[in-house]
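Taking it in order: structure first as structure tokens, then the write-up.
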Amino acid sequence: MIRLILYALFFYFCYRLIRGPLASLLKGKTQSTEMEESEPDEPEMVKDPQCGTYFMKRRGVPARVGGKTLHFCSEACRDKFLESR
């Protein structure tokens, strides 16, 4: 009976040892192909020209100034910047 339990434990540990590296290899292959097809997931950080705060560009408030699109951290900063020009 003890021999059966030892065999079961041995096979379980072998399974765990093999499963870890294989899963990471398979996951690595699928991630690399997905990365090539999609855009990077990193947020682009920009600096507010009015107050100097860094924030994610996608959450900013855009404004067209002098032919360029500037991004502001809030509508208040955008309005202050536009008033000062």
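To be explicit about the labels: the chains of the structure tokens are called A, B, and onward in the order shown, and within each one the residues are counted from 1, while ligands get numbers from 1 in the order they are shown.
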Contacts between segment 44-53 of chain A and segment 57-83 of chain A, please, where a residue of segment 57-83 of chain A counts if it comes within 10 Å (with only C-alpha atoms); show its shortest atom pair and distance in Å to one decimal, rows by chain and ascending number, as CSV.
residue,atom,partner,partner_atom,distance
A:Lys57,CA,A:Met45,CA,5.7
A:Arg58,CA,A:Glu44,CA,7.7
A:Arg59,CA,A:Met45,CA,9.9
A:Gly60,CA,A:Val46,CA,8.7
A:Val61,CA,A:Asp48,CA,9.7
A:Leu70,CA,A:Pro49,CA,7.8
A:His71,CA,A:Asp48,CA,6.4
A:Phe72,CA,A:Asp48,CA,4.9
A:Cys73,CA,A:Asp48,CA,5.9
A:Ser74,CA,A:Asp48,CA,8.9
A:Ala76,CA,A:Gln50,CA,9.7
A:Cys77,CA,A:Gln50,CA,5.9
A:Arg78,CA,A:Gln50,CA,7.4
A:Asp79,CA,A:Gln50,CA,9.5
A:Lys80,CA,A:Gln50,CA,7.5
A:Phe81,CA,A:Gln50,CA,5.8
A:Leu82,CA,A:Gln50,CA,9.5
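Taking atom CA of Gly67 of chain A and atom CA of Arg85 of chain A as the two end points, the separation is 14.0 Å.
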